[in-house]
Each structure stands twice: as C-alpha cells, then as structure tokens.
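**Q** So here's final_27.csv, just CSV, C-alpha atoms:
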chain,number,residue,atom,x,y,z
H,1,MET,CA,103.4,175.6,150.9
H,2,VAL,CA,107.1,175.7,151.9
H,3,TYR,CA,108.6,172.2,152.0
H,4,SER,CA,110.4,171.3,155.2
H,5,PRO,CA,113.7,169.5,154.8
H,6,ARG,CA,111.8,166.3,155.7
H,7,MET,CA,109.3,166.7,152.8
H,8,SER,CA,110.1,163.7,150.7
H,9,ILE,CA,109.5,164.3,147.0
H,10,SER,CA,110.5,160.8,146.1
H,11,HIS,CA,108.1,159.1,148.5
H,12,THR,CA,105.3,161.4,147.3
H,13,LEU,CA,105.9,160.7,143.6
H,14,LEU,CA,106.1,157.0,144.4
H,15,GLY,CA,102.8,157.2,146.3
H,16,LEU,CA,101.2,158.9,143.3
H,17,LEU,CA,102.4,156.0,141.1
H,18,GLU,CA,100.5,153.5,143.2
H,19,SER,CA,97.2,154.2,141.5
H,20,GLY,CA,98.8,153.3,138.1
H,21,PRO,CA,101.7,154.1,135.7
H,22,ARG,CA,102.2,157.7,134.8
H,23,HIS,CA,104.4,159.8,132.5
H,24,GLY,CA,106.8,162.2,134.1
H,25,TYR,CA,104.8,165.3,133.1
H,26,ASP,CA,101.6,163.7,134.5
H,27,LEU,CA,103.4,163.1,137.8
H,28,LYS,CA,104.5,166.7,137.9
H,29,ARG,CA,101.1,168.0,137.1
H,30,THR,CA,99.4,165.8,139.8
H,31,PHE,CA,102.0,166.7,142.4
H,32,ASP,CA,101.6,170.5,141.7
H,33,GLN,CA,97.8,170.1,141.8
H,34,ARG,CA,97.7,168.3,145.2
H,35,PHE,CA,100.8,169.5,147.1
H,36,GLY,CA,102.5,172.3,145.2
H,37,HIS,CA,100.3,175.2,146.4
H,38,ASP,CA,103.0,177.8,146.5
H,39,ARG,CA,106.0,176.1,145.0
H,40,GLN,CA,105.7,173.8,142.0
H,41,LEU,CA,108.1,171.1,141.0
H,42,HIS,CA,110.6,171.6,138.2
H,43,TYR,CA,110.6,169.0,135.5
H,44,GLY,CA,114.3,168.5,136.3
H,45,GLN,CA,113.4,167.4,139.9
H,46,VAL,CA,110.9,164.9,138.6
H,47,TYR,CA,113.3,163.3,136.2
H,48,SER,CA,116.3,163.2,138.6
H,49,THR,CA,114.0,161.7,141.2
H,50,MET,CA,112.7,159.1,138.7
H,51,SER,CA,116.2,158.1,137.6
H,52,ARG,CA,117.2,157.6,141.3
H,53,LEU,CA,114.1,155.5,141.9
H,54,LEU,CA,114.8,153.5,138.8
H,55,LYS,CA,118.4,152.9,139.9
H,56,ASN,CA,117.1,151.7,143.3
H,57,GLY,CA,114.5,149.4,141.8
H,58,LEU,CA,111.5,151.2,143.3
H,59,VAL,CA,110.1,152.1,139.9
H,60,GLU,CA,110.4,150.6,136.4
H,61,VAL,CA,109.8,151.9,132.9
H,62,ASP,CA,106.5,150.7,131.8
H,63,GLY,CA,106.6,152.1,128.2
H,64,ILE,CA,108.3,154.7,126.1
H,65,GLU,CA,106.4,156.7,123.5
H,66,ALA,CA,107.9,157.3,120.1
H,67,GLY,CA,110.2,160.3,120.0
H,68,GLY,CA,112.4,159.2,123.0
H,69,GLY,CA,113.6,161.7,125.6
H,70,PRO,CA,113.0,161.5,129.4
H,71,GLU,CA,109.6,163.1,129.1
H,72,ARG,CA,108.3,160.2,127.0
H,73,LYS,CA,108.9,157.5,129.6
H,74,ARG,CA,106.0,156.0,131.5
H,75,TYR,CA,106.9,154.9,135.0
H,76,ALA,CA,105.3,152.1,137.1
H,77,ILE,CA,105.9,151.4,140.8
H,78,THR,CA,107.5,148.1,141.7
H,79,ASP,CA,106.7,145.8,144.7
H,80,ALA,CA,109.7,147.2,146.5
H,81,GLY,CA,108.4,150.7,145.8
H,82,VAL,CA,105.0,149.9,147.3
H,83,THR,CA,106.8,148.6,150.4
H,84,ASP,CA,108.9,151.8,150.6
H,85,VAL,CA,105.8,154.0,150.5
H,86,GLU,CA,104.1,151.7,153.1
H,87,GLN,CA,107.1,152.1,155.5
H,88,TRP,CA,107.3,155.9,155.0
H,89,LEU,CA,103.6,156.3,155.7
H,90,ALA,CA,103.7,154.1,158.8
H,91,SER,CA,106.7,155.8,160.4
H,92,PRO,CA,105.9,158.8,162.5
H,93,GLU,CA,107.8,162.0,161.6
H,94,LYS,CA,110.3,163.3,164.2
H,95,PRO,CA,108.2,165.9,166.0
H,96,GLU,CA,109.4,169.4,165.1
H,97,PRO,CA,107.6,172.7,164.4
H,98,TYR,CA,106.1,173.3,161.0
H,99,LEU,CA,105.5,169.6,160.1
H,100,GLN,CA,102.1,170.3,158.6
H,101,SER,CA,103.1,170.1,155.0
H,102,VAL,CA,104.6,166.6,155.3
H,103,LEU,CA,101.8,165.3,157.5
H,104,TYR,CA,99.2,166.7,155.2
H,105,THR,CA,100.9,164.9,152.3
H,106,LYS,CA,101.0,161.7,154.2
H,107,VAL,CA,97.3,161.9,155.1
H,108,VAL,CA,96.3,162.6,151.5
H,109,LEU,CA,98.5,159.8,150.1
H,110,ALA,CA,97.1,157.4,152.7
H,111,LEU,CA,93.6,158.3,151.6
H,112,LEU,CA,94.5,158.1,147.9
H,113,THR,CA,96.0,154.7,148.3
H,114,GLY,CA,93.3,153.2,150.5
H,115,ARG,CA,95.5,153.0,153.6
H,116,ASP,CA,94.4,153.8,157.2
H,117,ALA,CA,94.9,157.5,157.5
H,118,ALA,CA,93.4,157.5,161.1
H,119,GLU,CA,96.0,155.1,162.2
H,120,LEU,CA,98.7,157.3,160.7
H,121,LEU,CA,97.4,160.3,162.7
H,122,ASP,CA,97.2,158.3,165.9
H,123,THR,CA,100.7,157.0,165.5
H,124,GLN,CA,102.0,160.6,165.0
H,125,ARG,CA,100.0,161.8,167.9
H,126,ALA,CA,101.6,159.2,170.2
H,127,GLU,CA,105.0,160.3,169.0
H,128,HIS,CA,104.3,163.9,169.7
H,129,LEU,CA,103.0,163.1,173.2
H,130,ARG,CA,106.1,161.0,173.9
H,131,LEU,CA,108.3,164.1,173.2
H,132,MET,CA,106.0,166.3,175.2
H,133,ARG,CA,106.4,164.0,178.2
H,134,GLU,CA,110.1,164.2,177.9
H,135,LEU,CA,110.1,168.0,177.7
H,136,THR,CA,107.7,168.2,180.6
H,137,ARG,CA,110.1,166.1,182.7
H,138,ARG,CA,113.0,168.3,181.7
H,139,LYS,CA,111.1,171.4,182.5
H,140,LYS,CA,110.1,170.1,186.0
H,141,ASP,CA,113.8,169.4,186.8
H,142,GLY,CA,115.2,172.5,185.1
H,143,ASP,CA,115.9,176.1,185.9
H,144,LEU,CA,113.9,179.1,184.5
H,145,ALA,CA,115.9,179.1,181.3
H,146,ASP,CA,115.2,175.3,180.7
H,147,GLN,CA,111.5,175.9,181.5
H,148,LEU,CA,111.2,178.7,178.9
H,149,VAL,CA,113.1,176.7,176.2
H,150,CYS,CA,110.9,173.6,176.9
H,151,ASP,CA,107.8,175.8,176.9
H,152,HIS,CA,108.6,177.1,173.5
H,153,ALA,CA,108.9,173.6,172.1
H,154,LEU,CA,105.8,172.4,174.0
H,155,PHE,CA,103.6,175.2,172.6
H,156,HIS,CA,104.6,174.3,169.0
H,157,LEU,CA,104.0,170.6,169.6
H,158,GLU,CA,100.7,171.4,171.1
H,159,ALA,CA,99.8,173.3,168.0
H,160,ASP,CA,100.7,170.3,165.8
H,161,LEU,CA,98.6,168.0,168.0
H,162,ARG,CA,95.6,170.3,167.6
H,163,TRP,CA,96.1,170.1,163.9
H,164,LEU,CA,96.3,166.3,164.1
H,165,GLU,CA,93.0,166.2,166.1
H,166,THR,CA,91.4,168.6,163.6
H,167,ALA,CA,92.5,166.5,160.7
H,168,ALA,CA,91.3,163.3,162.4
H,169,ALA,CA,87.9,164.9,162.9
H,170,ARG,CA,87.7,165.8,159.2
H,171,LEU,CA,89.1,162.6,157.7
H,172,ASP,CA,85.8,161.5,156.1
H,173,ARG,CA,85.3,164.9,154.4
H,174,LEU,CA,88.9,165.0,153.3
H,175,ALA,CA,88.6,161.5,151.9
H,176,ASN,CA,85.6,162.6,149.8
H,177,VAL,CA,87.5,165.6,148.4
H,178,VAL,CA,90.7,163.7,147.7
H,179,ARG,CA,89.0,160.7,146.0
H,180,GLY,CA,86.8,163.1,144.1
K,1,MET,CA,93.5,143.9,176.2
K,2,THR,CA,94.3,141.4,178.9
K,3,ALA,CA,94.5,142.4,182.5
K,4,SER,CA,97.9,141.5,184.0
K,5,THR,CA,98.1,140.2,187.5
K,6,SER,CA,99.5,143.4,188.9
K,7,ALA,CA,96.6,145.5,187.4
K,8,LEU,CA,94.8,147.6,190.0
K,9,LEU,CA,91.7,148.4,187.9
K,10,THR,CA,90.6,146.8,184.7
K,11,ALA,CA,87.5,147.2,182.5
K,12,SER,CA,86.5,145.0,179.7
K,13,GLY,CA,83.9,145.4,177.0
K,14,LEU,CA,82.1,148.3,178.6
K,15,HIS,CA,78.9,149.4,176.9
K,16,LYS,CA,76.8,152.3,178.1
K,17,THR,CA,73.9,154.1,176.2
K,18,TYR,CA,72.1,157.2,177.4
K,19,GLY,CA,68.7,157.2,175.7
K,20,SER,CA,69.5,156.4,172.1
K,21,THR,CA,73.0,157.8,172.3
K,22,PRO,CA,75.8,155.2,172.8
K,23,ALA,CA,78.5,156.6,175.1
K,24,LEU,CA,80.6,153.5,175.4
K,25,ALA,CA,80.7,150.7,172.8
K,26,GLY,CA,83.1,148.0,174.0
K,27,ALA,CA,85.7,150.0,175.9
K,28,ASP,CA,88.6,148.2,177.6
K,29,PHE,CA,91.0,149.8,180.2
K,30,VAL,CA,93.7,148.8,182.6
K,31,ILE,CA,95.8,150.7,185.1
K,32,HIS,CA,98.5,149.6,187.5
K,33,PRO,CA,99.5,151.0,191.0
K,34,GLY,CA,101.4,154.3,190.7
K,35,GLU,CA,100.6,154.8,187.1
K,36,VAL,CA,99.2,158.0,185.6
K,37,VAL,CA,97.0,157.3,182.5
K,38,ALA,CA,95.6,160.2,180.4
K,39,VAL,CA,92.2,159.5,178.8
K,40,MET,CA,91.9,161.7,175.8
K,41,GLY,CA,89.5,162.0,172.8
K,42,PRO,CA,87.1,164.4,171.1
K,43,SER,CA,84.2,166.0,173.0
K,44,GLY,CA,81.4,163.5,173.4
K,45,SER,CA,83.6,160.5,172.7
K,46,GLY,CA,82.8,158.8,176.1
K,47,LYS,CA,85.8,159.9,178.2
K,48,SER,CA,83.8,161.0,181.2
K,49,THR,CA,81.4,158.1,181.0
K,50,LEU,CA,84.4,155.7,181.0
K,51,LEU,CA,85.7,157.5,184.2
K,52,HIS,CA,82.3,157.2,185.8
K,53,CYS,CA,82.0,153.5,185.0
K,54,LEU,CA,85.6,152.8,186.3
K,55,ALA,CA,84.8,154.6,189.5
K,56,GLY,CA,81.6,152.7,190.0
K,57,ILE,CA,79.5,155.9,189.9
K,58,VAL,CA,77.6,154.8,186.8
K,59,PRO,CA,76.9,151.1,186.1
K,60,PRO,CA,77.7,150.0,182.6
K,61,ASP,CA,74.9,148.3,180.5
K,62,SER,CA,77.3,145.4,179.9
K,63,GLY,CA,80.9,144.6,180.4
K,64,THR,CA,82.9,144.4,183.7
K,65,VAL,CA,85.0,146.6,185.9
K,66,HIS,CA,87.3,144.8,188.4
K,67,TYR,CA,89.1,146.6,191.2
K,68,ARG,CA,91.7,144.5,193.0
K,69,GLY,CA,90.0,141.4,191.5
K,70,LYS,CA,86.5,142.4,192.7
K,71,GLU,CA,83.8,143.0,190.2
K,72,LEU,CA,82.2,146.4,191.0
K,73,SER,CA,78.8,145.5,189.7
K,74,ALA,CA,78.7,142.4,192.0
K,75,LEU,CA,78.9,144.7,195.1
K,76,SER,CA,75.8,146.1,196.8
K,77,ASP,CA,75.3,149.9,196.4
K,78,ALA,CA,76.4,150.3,200.1
K,79,ARG,CA,79.6,148.4,199.6
K,80,ARG,CA,80.4,150.2,196.4
K,81,SER,CA,79.9,153.5,198.1
K,82,ALA,CA,82.1,152.4,201.0
K,83,LEU,CA,84.8,151.3,198.6
K,84,ARG,CA,84.7,154.6,196.8
K,85,ARG,CA,85.1,156.5,200.0
K,86,ALA,CA,87.9,154.3,201.3
K,87,ASP,CA,89.9,153.6,198.1
K,88,PHE,CA,89.1,156.3,195.5
K,89,GLY,CA,89.8,160.0,195.4
K,90,PHE,CA,88.1,162.5,193.0
K,91,VAL,CA,89.1,165.8,191.5
K,92,PHE,CA,86.7,167.6,189.1
K,93,GLN,CA,87.0,170.6,186.8
K,94,PHE,CA,85.4,172.9,189.4
K,95,GLY,CA,86.7,171.8,192.8
K,96,GLN,CA,83.2,171.1,194.1
K,97,LEU,CA,84.2,172.0,197.5
K,98,VAL,CA,81.5,172.5,200.2
K,99,PRO,CA,81.1,176.3,200.3
K,100,GLU,CA,80.1,176.5,204.0
K,101,LEU,CA,83.3,174.7,205.2
K,102,THR,CA,86.8,176.0,205.5
K,103,CYS,CA,89.7,174.5,203.5
K,104,THR,CA,90.8,172.4,206.4
K,105,GLU,CA,87.2,171.1,207.0
K,106,ASN,CA,86.8,170.4,203.3
K,107,VAL,CA,90.0,168.4,203.1
K,108,ALA,CA,89.2,166.5,206.3
K,109,LEU,CA,85.7,165.6,205.1
K,110,PRO,CA,86.5,162.3,203.4
K,111,LEU,CA,88.2,161.1,206.6
K,112,ARG,CA,85.3,162.2,208.8
K,113,LEU,CA,82.9,160.2,206.5
K,114,VAL,CA,84.9,157.0,207.2
K,115,GLY,CA,84.8,157.6,210.9
K,116,VAL,CA,88.2,159.4,211.7
K,117,GLY,CA,87.9,161.7,214.6
K,118,ARG,CA,87.8,165.5,214.0
K,119,LYS,CA,91.2,166.3,215.5
K,120,GLU,CA,93.0,163.5,213.7
K,121,ALA,CA,91.2,164.3,210.4
K,122,GLU,CA,92.0,168.0,210.6
K,123,SER,CA,95.6,167.3,211.5
K,124,ARG,CA,96.1,165.1,208.5
K,125,ALA,CA,94.3,167.6,206.3
K,126,THR,CA,96.7,170.3,207.5
K,127,ARG,CA,99.7,168.2,206.5
K,128,TRP,CA,98.3,167.9,203.0
K,129,LEU,CA,97.6,171.6,202.8
K,130,GLU,CA,101.2,172.3,203.8
K,131,ARG,CA,102.5,169.7,201.3
K,132,LEU,CA,100.5,171.5,198.5
K,133,GLU,CA,101.7,174.9,199.8
K,134,ILE,CA,98.3,176.3,200.6
K,135,ASP,CA,98.3,176.1,204.4
K,136,ASP,CA,98.1,180.0,204.5
K,137,VAL,CA,94.4,179.7,203.3
K,138,ARG,CA,93.4,176.9,205.6
K,139,HIS,CA,90.8,179.0,207.4
K,140,HIS,CA,89.4,180.4,204.2
K,141,ARG,CA,86.1,179.2,202.6
K,142,PRO,CA,86.0,178.3,198.9
K,143,GLY,CA,84.5,181.7,197.9
K,144,GLN,CA,87.5,183.5,199.3
K,145,MET,CA,90.1,181.6,197.2
K,146,SER,CA,91.4,181.8,193.6
K,147,GLY,CA,90.6,179.0,191.2
K,148,GLY,CA,94.1,177.6,191.5
K,149,GLN,CA,94.0,177.5,195.2
K,150,GLY,CA,90.6,175.8,195.1
K,151,GLN,CA,91.9,173.1,192.8
K,152,ARG,CA,94.9,172.5,195.1
K,153,VAL,CA,92.4,172.1,198.0
K,154,ALA,CA,90.4,169.7,195.9
K,155,ILE,CA,93.6,167.7,195.3
K,156,ALA,CA,94.4,167.6,199.0
K,157,ARG,CA,90.9,166.4,199.6
K,158,ALA,CA,91.4,163.6,197.0
K,159,LEU,CA,94.7,162.5,198.5
K,160,VAL,CA,94.0,162.8,202.3
K,161,GLY,CA,92.4,159.3,202.6
K,162,ALA,CA,95.5,157.7,200.9
K,163,PRO,CA,93.4,156.4,198.0
K,164,SER,CA,94.7,153.7,195.6
K,165,VAL,CA,93.1,155.4,192.6
K,166,ILE,CA,92.5,159.1,191.9
K,167,PHE,CA,89.9,160.0,189.3
K,168,ALA,CA,90.6,163.4,187.8
K,169,ASP,CA,88.1,164.8,185.3
K,170,GLU,CA,89.5,167.9,183.5
K,171,PRO,CA,91.2,169.0,186.7
K,172,THR,CA,92.8,172.0,185.1
K,173,GLY,CA,89.9,172.9,182.8
K,174,ALA,CA,89.1,176.1,184.7
K,175,LEU,CA,92.7,177.3,185.3
K,176,ASP,CA,95.1,179.3,183.2
K,177,SER,CA,98.1,177.6,181.7
K,178,LEU,CA,100.6,178.3,184.6
K,179,ASN,CA,98.2,177.4,187.3
K,180,GLY,CA,97.1,174.3,185.4
K,181,GLU,CA,100.7,173.1,185.2
K,182,ARG,CA,101.4,173.8,188.8
K,183,VAL,CA,98.3,171.7,189.8
K,184,MET,CA,99.3,168.9,187.5
K,185,GLY,CA,102.9,168.8,188.9
K,186,LEU,CA,101.6,168.7,192.4
K,187,LEU,CA,98.9,166.0,191.6
K,188,THR,CA,101.2,163.7,189.8
K,189,ASP,CA,104.2,164.1,192.2
K,190,ALA,CA,101.9,163.3,195.2
K,191,ALA,CA,100.3,160.4,193.4
K,192,ARG,CA,103.7,158.9,192.4
K,193,GLU,CA,105.0,159.3,195.9
K,194,THR,CA,102.0,157.5,197.5
K,195,ARG,CA,101.8,154.9,194.6
K,196,ALA,CA,98.3,156.0,193.8
K,197,ALA,CA,97.1,155.4,190.3
K,198,VAL,CA,95.6,158.4,188.4
K,199,VAL,CA,92.9,158.2,185.8
K,200,LEU,CA,93.2,161.6,184.2
K,201,VAL,CA,90.5,162.7,181.7
K,202,THR,CA,91.7,165.7,179.7
K,203,HIS,CA,91.5,167.2,176.2
K,204,GLU,CA,94.7,169.2,176.7
K,205,SER,CA,97.9,167.6,175.4
K,206,ARG,CA,100.0,169.7,177.8
K,207,VAL,CA,98.1,168.2,180.7
K,208,ALA,CA,98.3,164.7,179.2
K,209,ALA,CA,102.1,165.2,179.0
K,210,TYR,CA,102.2,164.7,182.8
K,211,SER,CA,100.9,161.1,182.3
K,212,ASP,CA,102.9,157.9,181.8
K,213,ARG,CA,100.8,156.8,178.8
K,214,GLU,CA,97.6,157.8,177.1
K,215,VAL,CA,94.4,156.1,176.0
K,216,ILE,CA,92.3,157.6,173.2
K,217,VAL,CA,88.6,157.2,173.4
K,218,ARG,CA,86.9,157.5,170.0
K,219,ASP,CA,83.3,156.4,169.2
K,220,GLY,CA,83.0,154.8,172.6
K,221,ARG,CA,86.0,152.6,172.3
K,222,ALA,CA,89.3,153.1,174.1
K,223,ARG,CA,92.7,152.6,172.4
K,224,ASP,CA,95.8,152.2,174.5
K,225,MET,CA,98.5,154.2,172.7
K,226,ALA,CA,101.4,152.7,174.7
K,227,GLY,CA,102.5,150.5,171.8
K,228,ALA,CA,101.7,152.9,169.0
K,229,VAL,CA,105.2,154.2,168.4
Turn this file's structure into structure tokens for me.
**A**
Amino acid sequence: MVYSPRMSISHTLLGLLESGPRHGYDLKRTFDQRFGHDRQLHYGQVYSTMSRLLKNGLVEVDGIEAGGGPERKRYAITDAGVTDVEQWLASPEKPEPYLQSVLYTKVVLALLTGRDAAELLDTQRAEHLRLMRELTRRKKDGDLADQLVCDHALFHLEADLRWLETAAARLDRLANVVRG
Amino acid sequence: MTASTSALLTASGLHKTYGSTPALAGADFVIHPGEVVAVMGPSGSGKSTLLHCLAGIVPPDSGTVHYRGKELSALSDARRSALRRADFGFVFQFGQLVPELTCTENVALPLRLVGVGRKEAESRATRWLERLEIDDVRHHRPGQMSGGQGQRVAIARALVGAPSVIFADEPTGALDSLNGERVMGLLTDAARETRAAVVLVTHESRVAAYSDREVIVRDGRARDMAGAV
C-alpha cells in the first residue's frame, strides 16, 4: 500500500491505542500487520510520532519498563486523543483519486473501536457526490477541454464511489475479520 | 423528516412487503417544486418500490403519501389515475413507447388521454421534439430509432403534459455513457425550466450528479443525505 499524503500515521496510531495502552514496538507491529502491506513503519517514525502526540497531550506515558530507552515506554491515549480520533474519523476526506488507503484505514479503525463505519462511508459518499455535482455543472457550462478535464476527475470519483459501495456491502464480513 | 409547507410530495413511514420480502420498512421522503432528487441504494433495497408508492402506482401496506396536501390512498382508483395522467410524467429504463405509433403520436398520447384534440396535441408534441433535438425522427416508429433517440422521445412524452413531478426509473440504464449524459442534461434542464420536480431512481453516481441532492435507500429505509456533509 502506498500512503497518500493524507494518510495520517498519528491518527492511525492513536486509534490503535484506543483498545488499551501499548508499547512502541507493539504499535509498530500492529500497524504493519493491519495497514503496512507494502511499506512498513520505521521505529523512528513511531517514536517521533509518539513524542509529538505526548507534547500535544493526546497520549501519556502509562509506564516504563526497567532499562529505559524510548522502546520501553508504554503509551495510553488521553481523552483529548479519543476526541481527536473521533473528529478525524467523522470528517470526510477531500475527494481525490487514490483515496482507498486512507478510507480503508478509517473503516478498519471505526470497526476496531466500535464506531459506526456505515455512517463514515455514507458521509464520504455524500462528499464525493457533492464534488461530482460541481464538476458536472462545470462540464455542462464548459468547452470541450473543460469537459475532458472534468470527465477525468468524474471517472476517478466514480471509481471511489463504487469502492465505497462495495465496502458498505461487505461491512459485516470485514467487521468479523477485523475483530477476529 | 417533517414535510415543509412548500413540499410538493411527501411520504412518511412507508411499509411495503411482497410475499414475505419487505421492500420498504418505514421510508420517508420529501420533494419540492423544481427539485431533482436522486434515489440511490443497492439492488433490491426498495428504490423502485419507493418510486411506485410515491407515484400512486402501488399502494403501501402502511404509511402515507401526500401530493399537494392530498393523501393518495384516500383517492378513488379513478381519481388517482386521473391525477397521474394530469400531474405526473414517467420515464423508464426502456422508453416503453407504443411500437405502432410514430414519435409524434407517442409524445402526443398523454395529451390525447386527457382530452386534448389531435392537432393541438401533435403541435405541442412537435415543440418538445424540437426542444430535445429529435424532430428529424418525428415520423419514425420506435423500432427505427436508436436507444438514445428513444429515451429522448420518452422524455418528451413525460414533459408534454407540463407535469409537476417526473418519475424517472433508471432512465439511462440502457444507454452508453455519452448518450446517458446527454439524456440527463436534457431531462434536468427541461425540468428546471418548467419547475417540475424529478424523482430519479439510479444506481449510477454520474447520473445522480445531475441531481440537487440524494436519498439513499437501504434495507427499506430512505436516508436524506443533504445534511450528511
């Protein structure tokens, strides 16, 4: 999986902490297992993300094993962190091609944390259709070049929407797989 | 969902079961004059049943449909049929034109059914065929036209009686992408110009993009997505 610029590692790690405190190495392993199909996280990314989240009060150190070092810290999500994940999951992504990786991550995290994944998909679908309406209007009023440019975007958005519908139709099965 | 005073057509708590299969399970709907609303949802979710109930073609098992304040189920069959002919227009996936009639005669048919004289009906039909840029095939019969031309004739037929509501069930389902978009552009432009409301059942997002808002039907319930973003 190639991460789009909008793929938020910090929100994903925060979301993984919702089920309980974890060590940095455990976070990396879980992230790689669920979302790192082609590209795994570096330890450095995990610890730099955690220190930023600590600074912003979204996680706290829940315990430190003897021996010290960053890899010995166990992190827990704070109430502010839960609110942050909540807001991220509830906000639709700006529609653009190749959103699947971030949408997939959001759906899996929603299922893992007991949130309404169907609602998330519906909200995203409405955002996509809103942009498709805008492009359709532009296309109707535009010249041939406008029409072709808009068509390119519309075909990509249509593909995203088909994926959203396919995911919505398979939510129950995905929930069983994700929750193991 | 509450029906605002300007609503043209409202449905509330519609239930409909075919045999043991529930098609609608408490569906609500509202549409205003001049509005184009796409009804979307997976196959078998109840989209077409909702359209049929809204148009008074199929009575719901329970729940109500009000058109301009009148409850459809309270009308006699004859009055409901008269209302459908006078106030509603229909476009289906396959034009469902009468094969023995020419284009002009097909388009004039709804007017003839409400008592408009032949000359006047055909003259109004011709104006719509010109408006939809298919007057060159006005003497053709449905079998002599392409799918796209046939759908444009079906749209002319739906619009000729100046309906307040047009019900379109997968109107581009049998057309290729370019023809489908042409048909949608013509249908929605004409509807907006005449302030007709359009209930557009479709599973295609590119077709739904011609609407003002969308309603998703899932498991027999309708969700208005206008406030979702």
**Q** If the cut-off is 10 Å, can you tell me the residues of chain H near chain K, counting only C-alpha atoms? I'd like them as a ChimeraX atom specification.
**A** /H:90-92,119-120,122-137,140,151,154-155,157-159,161-162,165-166,168-169
**Q** Output C-alpha atoms for every residue in that selection, as a compact mmCIF listing (two decimals), keeping the file's coordinate frame.
**A**
# COMPACT_ATOMS: atom_id res chain seq x y z
CA ALA H 90 103.70 154.10 158.80
CA SER H 91 106.70 155.80 160.40
CA PRO H 92 105.90 158.80 162.50
CA GLU H 119 96.00 155.10 162.20
CA LEU H 120 98.70 157.30 160.70
CA ASP H 122 97.20 158.30 165.90
CA THR H 123 100.70 157.00 165.50
CA GLN H 124 102.00 160.60 165.00
CA ARG H 125 100.00 161.80 167.90
CA ALA H 126 101.60 159.20 170.20
CA GLU H 127 105.00 160.30 169.00
CA HIS H 128 104.30 163.90 169.70
CA LEU H 129 103.00 163.10 173.20
CA ARG H 130 106.10 161.00 173.90
CA LEU H 131 108.30 164.10 173.20
CA MET H 132 106.00 166.30 175.20
CA ARG H 133 106.40 164.00 178.20
CA GLU H 134 110.10 164.20 177.90
CA LEU H 135 110.10 168.00 177.70
CA THR H 136 107.70 168.20 180.60
CA ARG H 137 110.10 166.10 182.70
CA LYS H 140 110.10 170.10 186.00
CA ASP H 151 107.80 175.80 176.90
CA LEU H 154 105.80 172.40 174.00
CA PHE H 155 103.60 175.20 172.60
CA LEU H 157 104.00 170.60 169.60
CA GLU H 158 100.70 171.40 171.10
CA ALA H 159 99.80 173.30 168.00
CA LEU H 161 98.60 168.00 168.00
CA ARG H 162 95.60 170.30 167.60
CA GLU H 165 93.00 166.20 166.10
CA THR H 166 91.40 168.60 163.60
CA ALA H 168 91.30 163.30 162.40
CA ALA H 169 87.90 164.90 162.90
**Q** Quick one: pull the distance between CA of Val160 in chain K and CA of Pro59 in chain K, Å, one decimal.
**A** 26.3 Å
**Q** Of the candidates K:Pro142, K:Pro171, K:Gly147, K:Pro33, which one gets nearest to Val91 in chain K if we count all atoms listed in the file?
**A**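 The closest residue to Val91 in chain K is K:Pro171.
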**Q** One decimal, Å: what's the distance from CA of Leu27 in chain H over to CA of Ser48 in chain H, could you say?
**A**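 Distance reported for this atom pair: 12.9 Å.
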**Q** What's around His42 in chain H at 12 Å? Count all atoms listed in the file, leave out sequence neighbours fewer than 6 positions away in its own chain, and write the answer as a ChimeraX atom specification.
**A** /H:9,24-25,27-29,31-32,36,48-49
**Q** Restricting it to C-alpha atoms, dump the selection as a PDB file, keeping the file's coordinate frame.
**A**
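Output below, filename again16.pdb:
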ATOM      1  CA  ILE H   9     109.500 164.300 147.000  1.00  0.00           C
ATOM      2  CA  GLY H  24     106.800 162.200 134.100  1.00  0.00           C
ATOM      3  CA  TYR H  25     104.800 165.300 133.100  1.00  0.00           C
ATOM      4  CA  LEU H  27     103.400 163.100 137.800  1.00  0.00           C
ATOM      5  CA  LYS H  28     104.500 166.700 137.900  1.00  0.00           C
ATOM      6  CA  ARG H  29     101.100 168.000 137.100  1.00  0.00           C
ATOM      7  CA  PHE H  31     102.000 166.700 142.400  1.00  0.00           C
ATOM      8  CA  ASP H  32     101.600 170.500 141.700  1.00  0.00           C
ATOM      9  CA  GLY H  36     102.500 172.300 145.200  1.00  0.00           C
ATOM     10  CA  SER H  48     116.300 163.200 138.600  1.00  0.00           C
ATOM     11  CA  THR H  49     114.000 161.700 141.200  1.00  0.00           C
TER      12      THR H  49
END
